[in-house]
Amino acid sequence: MKTPEPHQLFGVLDATWPPARFISLGPWTLREGKGGGQRVSAATASSPLSETDIVLAEAGMRDLGQPAIFMIRPEDTALDDWLSARSYRVVDPVTVYAAPTEILARELPLTTTTPIWPPLAIQREIWRQGGVNDARIAVMERAETAKTALLGRTGDSPAGVAYVGIKDGIAMLHALEVTPAHRRAGLGTALLHGAANWARTQGAAWLTLIVTQSNAPANGLYRRLSMTPVTGYHYRRLPEDTA
């Protein structure tokens, strides 16, 4: 089974974690984030660029009331160099992992991970406690894909959540959170397996996810679970916008 191509994974990212609006502006795709974070607010190149096109993107993002944020994919080397020369800083390099759902699927106790949509109040609260605010929850709600919110339990206690969406047979896991009192007890791994279980029931052959390169424990876990790095990206922002 062929591993998904990077361009497919970026398409899955946009479908499962969508901005409020996509805007075509010359050679750019702009995203209106509505407070949902960098992923849904970053500009990407949609056709060949010249360095002078950067000014157009900057103006478009200012018109949206957003800081200038650029997503740099592997093919965007020239843009990366131009932004570096303009004092844009690298922010949050990430790795995109993938594995067949059949490898990750596991038989779990019945109530360990339960797929639910729309999310329950307790799921929303666990997300908020983990820094996934209402604007990010709104990103999940507007995704027009097959999707679910997993509720993870330790014993009878709700203790973790994750969101999963699917496009073109590829599932992507987002916003996995485990409450502090229940971390390092295997619930994060169980949620990953639960995501693969649900994705298989929806016909998805692959489970993918995105993690910052600085998150060493998570990267180690995903590699141990036979997930393979497929691609990656980072953002470029001006220093005053990186706080």
# chains A, B, ... in the order shown; residues from 1 in each chain; ligands from 1
$ closest_atom_pairs --of "stretch 60-132 of chain A" --to "stretch 151-164 of chain A" --cutoff "8 Å" --atoms "only C-alpha atoms" --output "Markdown table"
| residue | atom | partner | partner_atom | distance |
| --- | --- | --- | --- | --- |
| A:Thr111 | CA | A:Arg153 | CA | 6.7 |
| A:Thr112 | CA | A:Arg153 | CA | 5.1 |
| A:Thr113 | CA | A:Gly152 | CA | 4.4 |
| A:Thr114 | CA | A:Leu151 | CA | 5.1 |
| A:Pro115 | CA | A:Leu151 | CA | 6.4 |
| A:Ile116 | CA | A:Leu151 | CA | 7.2 |
| A:Ile122 | CA | A:Pro158 | CA | 7.5 |
| A:Gln123 | CA | A:Val161 | CA | 6.1 |
| A:Ile126 | CA | A:Gly160 | CA | 6.8 |
| A:Trp127 | CA | A:Val161 | CA | 7.1 |
$ residues_around --residues "A:Phe10" --least-positions-apart "6" --cutoff "12 Å" --atoms "only C-alpha atoms" --output "PDB file with N, CA and C atoms, in the first residue's frame"
ATOM      1  N   PRO A   4       0.786   7.870   1.539  1.00  0.00           N
ATOM      2  CA  PRO A   4       0.255   9.106   0.953  1.00  0.00           C
ATOM      3  C   PRO A   4       1.373  10.092   0.613  1.00  0.00           C
ATOM      4  N   THR A  16      -9.601  18.671   7.162  1.00  0.00           N
ATOM      5  CA  THR A  16      -9.973  18.229   8.509  1.00  0.00           C
ATOM      6  C   THR A  16      -9.749  19.299   9.568  1.00  0.00           C
ATOM      7  N   TRP A  17      -8.944  20.311   9.248  1.00  0.00           N
ATOM      8  CA  TRP A  17      -8.691  21.419  10.173  1.00  0.00           C
ATOM      9  C   TRP A  17      -8.802  22.718   9.362  1.00  0.00           C
ATOM     10  N   PRO A  18     -10.029  23.067   8.946  1.00  0.00           N
ATOM     11  CA  PRO A  18     -10.195  24.114   7.940  1.00  0.00           C
ATOM     12  C   PRO A  18     -10.269  25.520   8.540  1.00  0.00           C
ATOM     13  N   ARG A  39      -2.288  27.225  11.988  1.00  0.00           N
ATOM     14  CA  ARG A  39      -2.604  26.323  10.880  1.00  0.00           C
ATOM     15  C   ARG A  39      -3.696  26.886   9.990  1.00  0.00           C
ATOM     16  N   THR A  44      -0.135  30.245   2.021  1.00  0.00           N
ATOM     17  CA  THR A  44       0.686  29.296   1.284  1.00  0.00           C
ATOM     18  C   THR A  44       0.725  29.703  -0.179  1.00  0.00           C
ATOM     19  N   MET A  71       3.177  29.484   5.839  1.00  0.00           N
ATOM     20  CA  MET A  71       3.495  28.070   6.005  1.00  0.00           C
ATOM     21  C   MET A  71       4.526  27.694   4.939  1.00  0.00           C
ATOM     22  N   ILE A  72       5.634  27.118   5.379  1.00  0.00           N
ATOM     23  CA  ILE A  72       6.721  26.741   4.483  1.00  0.00           C
ATOM     24  C   ILE A  72       6.769  25.219   4.372  1.00  0.00           C
ATOM     25  N   ARG A  73       6.398  24.721   3.194  1.00  0.00           N
ATOM     26  CA  ARG A  73       6.437  23.285   2.911  1.00  0.00           C
ATOM     27  C   ARG A  73       7.778  22.924   2.261  1.00  0.00           C
ATOM     28  N   PRO A  74       8.074  21.660   2.075  1.00  0.00           N
ATOM     29  CA  PRO A  74       9.391  21.297   1.535  1.00  0.00           C
ATOM     30  C   PRO A  74       9.734  21.947   0.202  1.00  0.00           C
ATOM     31  N   THR A  95       6.541  17.635  12.127  1.00  0.00           N
ATOM     32  CA  THR A  95       6.641  16.429  11.313  1.00  0.00           C
ATOM     33  C   THR A  95       5.246  15.855  11.123  1.00  0.00           C
ATOM     34  N   VAL A  96       4.965  15.397   9.908  1.00  0.00           N
ATOM     35  CA  VAL A  96       3.697  14.742   9.608  1.00  0.00           C
ATOM     36  C   VAL A  96       3.957  13.242   9.525  1.00  0.00           C
ATOM     37  N   TYR A  97       3.281  12.484  10.375  1.00  0.00           N
ATOM     38  CA  TYR A  97       3.445  11.034  10.439  1.00  0.00           C
ATOM     39  C   TYR A  97       2.248  10.327   9.801  1.00  0.00           C
ATOM     40  N   LYS A 167     -10.419  12.529   4.906  1.00  0.00           N
ATOM     41  CA  LYS A 167     -10.586  12.962   3.518  1.00  0.00           C
ATOM     42  C   LYS A 167      -9.896  11.946   2.616  1.00  0.00           C
ATOM     43  N   ILE A 170      -7.972   9.014   4.022  1.00  0.00           N
ATOM     44  CA  ILE A 170      -6.865   9.317   4.937  1.00  0.00           C
ATOM     45  C   ILE A 170      -7.436  10.034   6.147  1.00  0.00           C
ATOM     46  N   MET A 172      -6.900  12.024   9.786  1.00  0.00           N
ATOM     47  CA  MET A 172      -5.901  12.836  10.469  1.00  0.00           C
ATOM     48  C   MET A 172      -6.374  13.112  11.889  1.00  0.00           C
ATOM     49  N   THR A 208      -3.012   9.603  10.071  1.00  0.00           N
ATOM     50  CA  THR A 208      -1.912  10.558  10.038  1.00  0.00           C
ATOM     51  C   THR A 208      -2.076  11.536  11.193  1.00  0.00           C
ATOM     52  N   LEU A 209      -0.995  12.221  11.506  1.00  0.00           N
ATOM     53  CA  LEU A 209      -1.043  13.245  12.541  1.00  0.00           C
ATOM     54  C   LEU A 209       0.153  14.163  12.390  1.00  0.00           C
ATOM     55  N   ILE A 210       0.099  15.277  13.080  1.00  0.00           N
ATOM     56  CA  ILE A 210       1.133  16.304  13.010  1.00  0.00           C
ATOM     57  C   ILE A 210       1.616  16.581  14.420  1.00  0.00           C
ATOM     58  N   VAL A 230       6.529  11.437   6.977  1.00  0.00           N
ATOM     59  CA  VAL A 230       6.290  11.537   5.538  1.00  0.00           C
ATOM     60  C   VAL A 230       6.717  12.898   4.997  1.00  0.00           C
ATOM     61  N   THR A 231       6.405  13.940   5.726  1.00  0.00           N
ATOM     62  CA  THR A 231       6.758  15.291   5.300  1.00  0.00           C
ATOM     63  C   THR A 231       6.771  16.178   6.538  1.00  0.00           C
ATOM     64  N   GLY A 232       6.861  17.464   6.327  1.00  0.00           N
ATOM     65  CA  GLY A 232       6.867  18.410   7.440  1.00  0.00           C
ATOM     66  C   GLY A 232       6.725  19.818   6.915  1.00  0.00           C
ATOM     67  N   TYR A 233       6.662  20.743   7.811  1.00  0.00           N
ATOM     68  CA  TYR A 233       6.593  22.151   7.443  1.00  0.00           C
ATOM     69  C   TYR A 233       6.942  22.984   8.666  1.00  0.00           C
TER      70      TYR A 233
END
$ closest_residue --among "A:Glu107, A:Glu5, A:Glu51, A:Asp14" --to "A:Thr77" --atoms "only C-alpha atoms"
A:Glu51
$ select_by_dssp --residues "stretch 2-234 of chain A" --states "strand (DSSP E or B)" --output "PyMOL selection string"
chain A and resi 21-25+28-32+43-45+69-72+89-100+113-116+146-154+157-167+170-178+206-212+228-234
$ residues_around --residues "A:Glu32" --least-positions-apart "3" --cutoff "7 Å" --atoms "only C-alpha atoms" --output "PyMOL selection string"
chain A and resi 19-22+40-41+64
$ closest_residue --among "A:Ile54, A:Gly131, A:Glu75, A:Ala68" --to "A:Arg89" --atoms "only C-alpha atoms"
A:Ala68
